[in-house]
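Student: My questions will all concern the structure given below.
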Amino acid sequence: MPEITLISFGYFEKDLLESVAEVVKLEFRTSAMVREGHIDLSDYYDPGRRQYNGNTLLKHVDSLILPVTGKMLGLFNVDLFIPILTYIFGQAFLGGRTGIASLYRLNNECYGLSPDHHLMVERFKKEVIHELGHMFGLIHCRMQSCVMKSSTYVEDIDQKNHSLCPECRKWLGENTVEF
Amino acid sequence: MPRKISILVVDDEESVRDSLFNWFTEDGFSVDCAENAKKALTMLESDSYDIILADIKMPGMDGLEMLRRIKSLKSDSIIIVMTAFATVDTAVKALKDGAFDYVTKPFDPDDLTHLIRNATKQISLSEENETLRTKLISLENIEDLIGTSEAMKHVLREVESVAQTNSSVIITGESGTGKELVARAIHANSPRKFFPFVSVHCGALTESLLESELFGHEKGAFTGAMYNRKGRFEMADNGSIFLDEIATISAKMQVELLRVLESKSFMRVGGNKEIASDFRVICATNRDLKSMVEKGTFREDLFYRLNVMNIQLPPLRDRIEDIPLLVDFFIRKYCTSMNRQDMTIDPAAMNRLKEFNFPGNIRELENMIERAIVVGNGKKITLKDLPLEKTMVASPAESLDDFEKSYIFQILNKYNWNISRTASALKVDRVTLYNKIKKYELKPPSGS
């Protein structure tokens with residue numbers, strides 16, 4: 001199984017990143033490390049939408065020449081969008097090496113609710129595993145509890161576990177090649 | 001496993017194409033993109049897509065024009081148009097031109113998911129519809145009328161042309177040639193196919209029973225008539241009624257039948273209310289009705305009323321080339337119904353079948369194959385599994401009547417002239433057997 005690198009772009013609590021890396025390790029049964037990265041996000045800001053363009057950001061992360069082997073997931077704390085959608089939690093190249101995920105819309109405060117740190121961390125873990133799943137070639141799953149179930153709202157994320165269902169796990173075992 | 005739905009994204013903005021490509025591939029769809037309408041139309045010439053997601057505003061040919069062109073080529077295409085808020089009016093125009101739905105950019109992720117889910121549901125419904133339609137058509141395809149011989153092709157052509165009309169039909173042919181199957185095929189291919197096909201075996205019923213069967217009866221009309229009962233003509237309303245062995249009906253019933261055919265109305269036995277029914281009559285007989293008319297045993301007016309169209313079924317011995325197909329069909333039919341592995345037939349057995357005269361026609365062949373499957377070794381039908389007696393092999397010097405006579409005589413003797421058992425073995429009803437005994441003046445050998 002290829003190793004996984006989580007690259008934080010922006011400020012994240014150290015504990016949060018370590019706990020995310022821990023579940024990633026367990027879920028994909030490979031090594032997962034956390035690194036810091038730097039990008040000038042103003043290049044990706046769309047003043048009309050007051051959001052950051054996920055498409056161009058993903059391409060930029062993919063083009064970064066970093067001493068990283070295996071899969072690379074960029075972590076952000078900004079409001080991401082893609083031109084066709086009002087917002088996204090994250091996105092990845094299906095079967096590719098790069099993905100991005102944002103903590104921004106996983107926070108209860110974003111929806112005018114009282115903060116819930118634990119819930120936010122749980123959501124982030126699920127989102128990170130979901131995008132990594134795509135990077136390993138998994139598509140959306142129909143199982144309600146599977147982490148690969150498509151989520152359009154945070155409530156959808158809360159409904160699922162942060163693990164792959166047996167079907168997705170089986171697929172992953174059969175289709176993942178070392179590189 | 002459901003097949004992968006294919007989507008074609010048509011948009012001049014690369015970022016939109018990329019976003020939709022990523023979004024849909026993550027959902028497991030097969031996605032292709034085109035940057036303009038012209039390219040999309042070219043792609044559609046060589047590939048087909050289940051869903052086309054197209055932007056309305058594109059340089060060159062716009063989405064609306066592309067929509068019209070695609071719809072003119074393939075009217076059932078599912079096209080979803082994408083538009084900005086400012087162009088909702090155009091989207092409405094697109095809907096009028098046959099678009100499945102529209103979505104305004106940027107979409108709420110949930111809206112897009114719902115939209116695609118609806119389109120997918122529509123596709124699966126259309127496919128299910130198509131599957132059911134195919135099944136229905138295959139039922140109507142007269143699949144039980146097996147044969148590629150010229151004689152059979154001629155019958156099929158006649159069935160096809162007769163089916164679309166509303167005229168009465170007489171199907172003639174020897175016993176066991178498949179007259180009822182042809183009647184069913186006519187019904188199944190007619191505009192009446194969604195209404196009942198009601199079959200009445202006239203030869204099996206006495207005059208009074210046939211009257212009650214055809215016209216129904218009112219409670220108390222006769223001893224034992226405890227309830228009101230609908231007759232077959234009433235049941236066949238909007239459908240077809242098949243009167244088998246029409247030549248056996250009595251002179252009184254001939255008059256009654258003629259009246260019903262002319263007025264399409266009748267009264268139940270013991271009733272006083274006129275009941276109207278719209279049915280089509282299909283009759284069958286193995287007798288020569290014309291000669292019966294000449295002899296005065298069948299009413300001429302009824303004959304002409306029934307004989308608007310006539311289909312003559314060939315006896316099996318006149319279409320020997322169909323025997324292998326029929327054998328194969330019956331083997332599959334009975335192996336399936338008996339839950340056995342498909343069997344084959346030994347070439348020697350097949351050759352012998354081709355030489356056989358088959359006085360009982362296809363019914364006899366079917367009976368033979370069924371028996372052979374029951375008694376056989378479960379793998380191959382051999383000569384010993386077939387009840388072919390040397391005396392029954394065709395001899396061109398003898399007439400069909402001679403064959404029939406000797407065959408019936410042989411079976412009667414086999415069952416000690418027990419009429420019920422003999423009729424059952426011959427797969428004909430007792431009345432027919434009595435008629436045959438009378439026709440051939442058969443008598444039990446002295447001592448039996």
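Residue numbers start at 1 in each chain; chains themselves are named A, B, ... in the order of the structure tokens; ligands are numbered from 1 in the order shown.
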Would you list which chain B residues are within 9 Å of chain A using only C-alpha atoms, as a ChimeraX atom specification?
Tutor: /B:15-20,22-23,25-28,104-110,112-113
Student: Would you give me, as number ranges by chain, the residues in region 55-235 of chain B that DSSP reads as alpha helix (DSSP H)?
Tutor: B: 63-73, 88-96, 109-140, 150-163, 179-188, 207-215, 232-235
Student: Between B:Thr336, B:Thr248, B:Thr177, B:Asn166, which has the minimum distance to Ile146 (chain B) (counting only C-alpha atoms)?
Tutor: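 The shortest atom-to-atom distance to Ile146 (chain B) comes from B:Thr177.
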Student: Which residues, written as a PyMOL selection string, have at least one atom at most 6 Å from region 188-202 of chain B, with only C-alpha atoms counted and residues fewer than 4 positions away on the same chain left out?
Tutor: chain B and resi 140+163-164+184+236+238-245
Student: For the residues in the current selection, export C-alpha atoms as a short mmCIF file (atom, residue, chain, number, x, y, z; two decimals), in the first residue's frame.
Tutor:
data_model
loop_
_atom_site.label_atom_id
_atom_site.label_comp_id
_atom_site.auth_asym_id
_atom_site.auth_seq_id
_atom_site.Cartn_x
_atom_site.Cartn_y
_atom_site.Cartn_z
CA GLU B 140 -46.64 -12.14 -29.96
CA ALA B 163 -54.60 -10.85 -37.48
CA GLN B 164 -55.02 -7.18 -38.24
CA ARG B 184 -53.98 -17.86 -30.32
CA ALA B 236 -64.91 -12.76 -24.97
CA ASN B 238 -63.56 -7.07 -26.95
CA GLY B 239 -61.49 -10.20 -27.41
CA SER B 240 -61.67 -13.36 -29.53
CA ILE B 241 -63.66 -16.56 -29.17
CA PHE B 242 -62.18 -19.76 -30.53
CA LEU B 243 -64.72 -22.42 -31.47
CA ASP B 244 -62.85 -25.67 -31.93
CA GLU B 245 -64.45 -28.59 -33.78
#
Student: For Gln51 (chain A), which residue among A:His130, A:His38, A:Arg105, A:Lys71 is the nearest when counting only C-alpha atoms?
Tutor: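 Ranking A:His130, A:His38, A:Arg105, A:Lys71 by distance to Gln51 (chain A), first place goes to A:Arg105.
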Student: Do a neighbour search on Met33 (chain A) at 7 Å with only C-alpha atoms, toss out local chain neighbours closer than 2 positions, and write the hits as a PyMOL selection string.
Tutor: chain A and resi 4-6+21+31+35
Student: Can you spit out the residues from that selection as a PDB file, in the first residue's frame, using N, CA and C atoms?
Tutor:
ATOM      1  N   ILE A   4       1.111   7.601   2.728  1.00  0.00           N
ATOM      2  CA  ILE A   4       0.243   8.776   2.598  1.00  0.00           C
ATOM      3  C   ILE A   4       0.892   9.962   3.314  1.00  0.00           C
ATOM      4  N   THR A   5       0.863  11.120   2.645  1.00  0.00           N
ATOM      5  CA  THR A   5       1.360  12.337   3.296  1.00  0.00           C
ATOM      6  C   THR A   5       0.234  13.358   3.365  1.00  0.00           C
ATOM      7  N   LEU A   6      -0.017  13.840   4.576  1.00  0.00           N
ATOM      8  CA  LEU A   6      -1.025  14.885   4.752  1.00  0.00           C
ATOM      9  C   LEU A   6      -0.258  16.204   4.869  1.00  0.00           C
ATOM     10  N   ALA A  21      -4.048  11.645  11.161  1.00  0.00           N
ATOM     11  CA  ALA A  21      -3.038  10.741  10.589  1.00  0.00           C
ATOM     12  C   ALA A  21      -3.173   9.340  11.187  1.00  0.00           C
ATOM     13  N   SER A  31       1.758   3.734   6.141  1.00  0.00           N
ATOM     14  CA  SER A  31       2.295   4.840   6.944  1.00  0.00           C
ATOM     15  C   SER A  31       1.654   6.160   6.505  1.00  0.00           C
ATOM     16  N   ARG A  35       2.971  16.844   7.147  1.00  0.00           N
ATOM     17  CA  ARG A  35       4.000  17.839   6.812  1.00  0.00           C
ATOM     18  C   ARG A  35       3.318  19.192   6.659  1.00  0.00           C
TER      19      ARG A  35
END
Student: Please provide the set of residues having any atom within 12 Å of region 108-116 of chain A, restricted to only C-alpha atoms, with same-chain residues fewer than 6 positions apart removed, written as number ranges by chain.
Tutor: A: 77-79, 122-123, 153-155, 158
Student: Go ahead and save the residues from that selection, with N, CA and C atoms, as a short mmCIF file (atom, residue, chain, number, x, y, z; two decimals), in the first residue's frame.
Tutor:
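Writing done, so here's result.cif:
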data_model
loop_
_atom_site.label_atom_id
_atom_site.label_comp_id
_atom_site.auth_asym_id
_atom_site.auth_seq_id
_atom_site.Cartn_x
_atom_site.Cartn_y
_atom_site.Cartn_z
N ASN A 77 -8.09 25.27 5.47
CA ASN A 77 -9.16 25.72 6.35
C ASN A 77 -9.83 26.94 5.72
N VAL A 78 -10.14 26.80 4.43
CA VAL A 78 -10.80 27.89 3.69
C VAL A 78 -12.03 27.33 2.98
N ASP A 79 -12.93 28.23 2.56
CA ASP A 79 -14.18 27.81 1.90
C ASP A 79 -13.88 27.50 0.44
N GLU A 122 -14.17 14.69 14.05
CA GLU A 122 -14.73 13.46 13.48
C GLU A 122 -15.06 13.66 12.00
N ARG A 123 -15.69 14.79 11.71
CA ARG A 123 -16.05 15.10 10.31
C ARG A 123 -14.80 15.20 9.44
N TYR A 153 -24.00 17.53 2.50
CA TYR A 153 -24.13 18.40 3.69
C TYR A 153 -23.37 17.78 4.86
N VAL A 154 -23.05 18.62 5.86
CA VAL A 154 -22.33 18.07 7.02
C VAL A 154 -23.16 17.00 7.73
N GLU A 155 -24.47 17.17 7.68
CA GLU A 155 -25.35 16.17 8.32
C GLU A 155 -25.14 14.80 7.66
N ASP A 158 -22.13 13.28 9.12
CA ASP A 158 -22.39 12.76 10.48
C ASP A 158 -23.06 11.38 10.45
#
Student: Do you have the CA of Ser212 (chain B)-CA of Phe266 (chain B) distance handy?
Tutor: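 Between these atoms lies a distance of 11.7 Å.
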Student: Any idea what's packed within 10 Å of region 426-442 of chain B, counting only C-alpha atoms, ignoring anything in its chain fewer than 5 positions away? Could you give it as an mmCIF file with N, CA and C atoms, in the first residue's frame?
Tutor:
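In the end it all went to around27.cif:
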data_model
loop_
_atom_site.group_PDB
_atom_site.id
_atom_site.type_symbol
_atom_site.label_atom_id
_atom_site.label_comp_id
_atom_site.auth_asym_id
_atom_site.auth_seq_id
_atom_site.Cartn_x
_atom_site.Cartn_y
_atom_site.Cartn_z
ATOM 1 N N SER B 175 -56.224 -33.277 -37.310
ATOM 2 C CA SER B 175 -56.085 -33.246 -35.869
ATOM 3 C C SER B 175 -54.604 -33.206 -35.489
ATOM 4 N N GLY B 176 -54.260 -32.306 -34.562
ATOM 5 C CA GLY B 176 -52.875 -32.244 -34.073
ATOM 6 C C GLY B 176 -51.968 -31.356 -34.884
ATOM 7 N N HIS B 201 -64.386 -25.887 -26.765
ATOM 8 C CA HIS B 201 -64.237 -27.127 -27.517
ATOM 9 C C HIS B 201 -65.629 -27.664 -27.809
ATOM 10 N N CYS B 202 -66.170 -27.287 -28.961
ATOM 11 C CA CYS B 202 -67.569 -27.616 -29.252
ATOM 12 C C CYS B 202 -67.818 -29.132 -29.273
ATOM 13 N N GLY B 203 -66.835 -29.888 -29.757
ATOM 14 C CA GLY B 203 -67.023 -31.329 -29.886
ATOM 15 C C GLY B 203 -67.123 -32.041 -28.547
ATOM 16 N N ALA B 204 -66.656 -31.399 -27.497
ATOM 17 C CA ALA B 204 -66.616 -32.077 -26.205
ATOM 18 C C ALA B 204 -67.911 -31.877 -25.416
ATOM 19 N N LEU B 205 -68.829 -31.071 -25.944
ATOM 20 C CA LEU B 205 -70.030 -30.732 -25.167
ATOM 21 C C LEU B 205 -71.301 -31.161 -25.888
ATOM 22 N N THR B 206 -72.274 -31.555 -25.081
ATOM 23 C CA THR B 206 -73.582 -31.883 -25.674
ATOM 24 C C THR B 206 -74.252 -30.576 -26.069
ATOM 25 N N GLU B 245 -63.556 -27.516 -33.313
ATOM 26 C CA GLU B 245 -64.450 -28.595 -33.784
ATOM 27 C C GLU B 245 -65.828 -28.040 -34.123
ATOM 28 N N THR B 248 -68.875 -30.089 -35.466
ATOM 29 C CA THR B 248 -69.637 -31.052 -34.651
ATOM 30 C C THR B 248 -70.910 -30.449 -34.056
ATOM 31 N N GLY B 360 -51.186 -38.468 -36.189
ATOM 32 C CA GLY B 360 -51.622 -37.535 -35.132
ATOM 33 C C GLY B 360 -50.883 -36.207 -35.208
ATOM 34 N N ARG B 363 -49.040 -33.097 -32.497
ATOM 35 C CA ARG B 363 -49.425 -33.574 -31.160
ATOM 36 C C ARG B 363 -48.798 -34.952 -30.883
ATOM 37 N N GLU B 364 -48.798 -35.766 -31.929
ATOM 38 C CA GLU B 364 -48.234 -37.108 -31.777
ATOM 39 C C GLU B 364 -46.718 -37.037 -31.596
ATOM 40 N N ASN B 367 -45.975 -35.849 -28.133
ATOM 41 C CA ASN B 367 -46.227 -36.946 -27.206
ATOM 42 C C ASN B 367 -45.054 -37.931 -27.196
ATOM 43 N N ASP B 401 -56.445 -41.466 -44.854
ATOM 44 C CA ASP B 401 -57.581 -42.071 -44.147
ATOM 45 C C ASP B 401 -57.270 -43.511 -43.740
ATOM 46 N N ASP B 402 -56.581 -44.219 -44.657
ATOM 47 C CA ASP B 402 -56.218 -45.599 -44.326
ATOM 48 C C ASP B 402 -55.314 -45.655 -43.114
ATOM 49 N N GLU B 404 -55.028 -43.348 -40.764
ATOM 50 C CA GLU B 404 -55.756 -42.931 -39.567
ATOM 51 C C GLU B 404 -56.601 -44.083 -39.046
ATOM 52 N N LYS B 405 -57.261 -44.714 -39.997
ATOM 53 C CA LYS B 405 -58.145 -45.822 -39.636
ATOM 54 C C LYS B 405 -57.351 -46.926 -38.937
ATOM 55 N N SER B 406 -56.242 -47.323 -39.558
ATOM 56 C CA SER B 406 -55.508 -48.436 -38.983
ATOM 57 C C SER B 406 -54.855 -48.053 -37.651
ATOM 58 N N TYR B 407 -54.435 -46.787 -37.553
ATOM 59 C CA TYR B 407 -53.814 -46.328 -36.302
ATOM 60 C C TYR B 407 -54.837 -46.329 -35.166
ATOM 61 N N ILE B 408 -56.009 -45.776 -35.441
ATOM 62 C CA ILE B 408 -57.045 -45.727 -34.401
ATOM 63 C C ILE B 408 -57.436 -47.159 -34.007
ATOM 64 N N PHE B 409 -57.562 -48.010 -35.033
ATOM 65 C CA PHE B 409 -57.958 -49.399 -34.783
ATOM 66 C C PHE B 409 -56.919 -50.092 -33.871
ATOM 67 N N ILE B 411 -54.815 -48.668 -31.747
ATOM 68 C CA ILE B 411 -54.832 -48.125 -30.372
ATOM 69 C C ILE B 411 -56.078 -48.605 -29.628
ATOM 70 N N LEU B 412 -57.203 -48.692 -30.371
ATOM 71 C CA LEU B 412 -58.438 -49.202 -29.734
ATOM 72 C C LEU B 412 -58.214 -50.625 -29.232
ATOM 73 N N ILE B 419 -63.036 -46.639 -24.643
ATOM 74 C CA ILE B 419 -63.077 -45.375 -25.402
ATOM 75 C C ILE B 419 -62.317 -44.257 -24.681
ATOM 76 N N SER B 420 -62.525 -44.163 -23.382
ATOM 77 C CA SER B 420 -61.877 -43.076 -22.629
ATOM 78 C C SER B 420 -60.356 -43.197 -22.702
ATOM 79 N N ARG B 421 -59.862 -44.412 -22.448
ATOM 80 C CA ARG B 421 -58.411 -44.588 -22.440
ATOM 81 C C ARG B 421 -57.816 -44.411 -23.836
#
Student: Which is closer to Glu207 (chain B) than all the others in B:Lys38, B:Arg69, B:Lys252, B:Lys74, using only C-alpha atoms?
Tutor: B:Lys252
Student: Kindly indicate which residue among A:Thr30, A:Ser42, A:Ser19, A:Ser145 lies nearest to Phe124 (chain A), using only C-alpha atoms for the distances.
Tutor: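 Looking at the shortest contact to Phe124 (chain A), the residue is A:Ser19.
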Student: Find the residue from A:Glu3, A:Asp40, A:Glu13, A:Glu127 that sits nearest to His60 (chain A); use only C-alpha atoms when measuring.
Tutor: A:Asp40
Student: Report as a PyMOL selection string all protein, DNA and RNA residues lying within 10 Å of region 87-93 of chain B, evaluated on only C-alpha atoms, omitting residues in the same chain fewer than 4 positions from it.
Tutor: chain B and resi 55-57+63-64+80-83+97-99+101-104
Student: Write the residues of the preceding selection, restricted to N, CA and C atoms, as a PDB file, in the first residue's frame.
Tutor:
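The file below, selection.pdb, is the result:
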ATOM      1  N   ASP B  55     -24.187  23.085 -21.668  1.00  0.00           N
ATOM      2  CA  ASP B  55     -24.350  24.504 -21.357  1.00  0.00           C
ATOM      3  C   ASP B  55     -25.175  25.138 -22.473  1.00  0.00           C
ATOM      4  N   ILE B  56     -25.983  26.122 -22.102  1.00  0.00           N
ATOM      5  CA  ILE B  56     -26.792  26.775 -23.144  1.00  0.00           C
ATOM      6  C   ILE B  56     -25.938  27.765 -23.929  1.00  0.00           C
ATOM      7  N   LYS B  57     -25.157  28.545 -23.185  1.00  0.00           N
ATOM      8  CA  LYS B  57     -24.384  29.596 -23.872  1.00  0.00           C
ATOM      9  C   LYS B  57     -23.011  29.083 -24.254  1.00  0.00           C
ATOM     10  N   GLY B  63     -26.359  25.754 -27.041  1.00  0.00           N
ATOM     11  CA  GLY B  63     -26.910  24.532 -26.465  1.00  0.00           C
ATOM     12  C   GLY B  63     -28.308  24.214 -26.968  1.00  0.00           C
ATOM     13  N   LEU B  64     -29.096  25.273 -27.225  1.00  0.00           N
ATOM     14  CA  LEU B  64     -30.472  25.053 -27.688  1.00  0.00           C
ATOM     15  C   LEU B  64     -30.507  24.412 -29.066  1.00  0.00           C
ATOM     16  N   ILE B  80     -29.803  17.496 -20.188  1.00  0.00           N
ATOM     17  CA  ILE B  80     -29.985  18.448 -19.091  1.00  0.00           C
ATOM     18  C   ILE B  80     -29.215  19.698 -19.484  1.00  0.00           C
ATOM     19  N   VAL B  81     -29.889  20.851 -19.425  1.00  0.00           N
ATOM     20  CA  VAL B  81     -29.179  22.067 -19.821  1.00  0.00           C
ATOM     21  C   VAL B  81     -28.699  22.820 -18.586  1.00  0.00           C
ATOM     22  N   MET B  82     -27.538  23.417 -18.747  1.00  0.00           N
ATOM     23  CA  MET B  82     -26.966  24.202 -17.652  1.00  0.00           C
ATOM     24  C   MET B  82     -27.063  25.666 -18.046  1.00  0.00           C
ATOM     25  N   THR B  83     -27.438  26.477 -17.104  1.00  0.00           N
ATOM     26  CA  THR B  83     -27.607  27.880 -17.426  1.00  0.00           C
ATOM     27  C   THR B  83     -27.243  28.746 -16.230  1.00  0.00           C
ATOM     28  N   ASP B  97     -38.397  22.491 -25.756  1.00  0.00           N
ATOM     29  CA  ASP B  97     -37.815  21.781 -26.899  1.00  0.00           C
ATOM     30  C   ASP B  97     -37.435  20.343 -26.558  1.00  0.00           C
ATOM     31  N   GLY B  98     -37.741  19.923 -25.340  1.00  0.00           N
ATOM     32  CA  GLY B  98     -37.546  18.508 -25.013  1.00  0.00           C
ATOM     33  C   GLY B  98     -36.423  18.210 -24.043  1.00  0.00           C
ATOM     34  N   ALA B  99     -35.843  19.257 -23.418  1.00  0.00           N
ATOM     35  CA  ALA B  99     -34.791  18.974 -22.427  1.00  0.00           C
ATOM     36  C   ALA B  99     -35.416  18.251 -21.239  1.00  0.00           C
ATOM     37  N   ASP B 101     -34.372  18.438 -18.053  1.00  0.00           N
ATOM     38  CA  ASP B 101     -34.430  19.370 -16.927  1.00  0.00           C
ATOM     39  C   ASP B 101     -33.372  20.435 -17.151  1.00  0.00           C
ATOM     40  N   TYR B 102     -33.329  21.414 -16.265  1.00  0.00           N
ATOM     41  CA  TYR B 102     -32.238  22.388 -16.350  1.00  0.00           C
ATOM     42  C   TYR B 102     -31.702  22.651 -14.959  1.00  0.00           C
ATOM     43  N   VAL B 103     -30.478  23.148 -14.923  1.00  0.00           N
ATOM     44  CA  VAL B 103     -29.845  23.423 -13.646  1.00  0.00           C
ATOM     45  C   VAL B 103     -29.090  24.745 -13.782  1.00  0.00           C
ATOM     46  N   THR B 104     -29.215  25.568 -12.745  1.00  0.00           N
ATOM     47  CA  THR B 104     -28.567  26.879 -12.836  1.00  0.00           C
ATOM     48  C   THR B 104     -27.205  26.837 -12.151  1.00  0.00           C
TER      49      THR B 104
END
Student: Select from region 15-212 of chain B everything DSSP, run on the backbone, classes as strand (DSSP E or B), then give the selection as a VMD selection string.
Tutor: chain B and resid 30 to 34 51 to 55 78 to 84 101 to 105 107 169 to 172 197 to 201
Student: For the atom pair CA of Val169 (chain B) and CA of Ser265 (chain B), what is the interatomic distance in Å to one decimal place?
Tutor: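 Computing the Euclidean distance for CA of Val169 (chain B) and CA of Ser265 (chain B) yields 19.3 Å.
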Student: For each of B:Asp301, B:Glu274, B:Glu13, B:Asp144, take the minimum atom-to-atom distance to Glu180 (chain B), counting only C-alpha atoms, then give the residue where this is smallest.
Tutor: B:Asp144
Student: Separation of CA of Thr172 (chain B) and CA of Asp288 (chain B), in Å?
Tutor: 8.0 Å
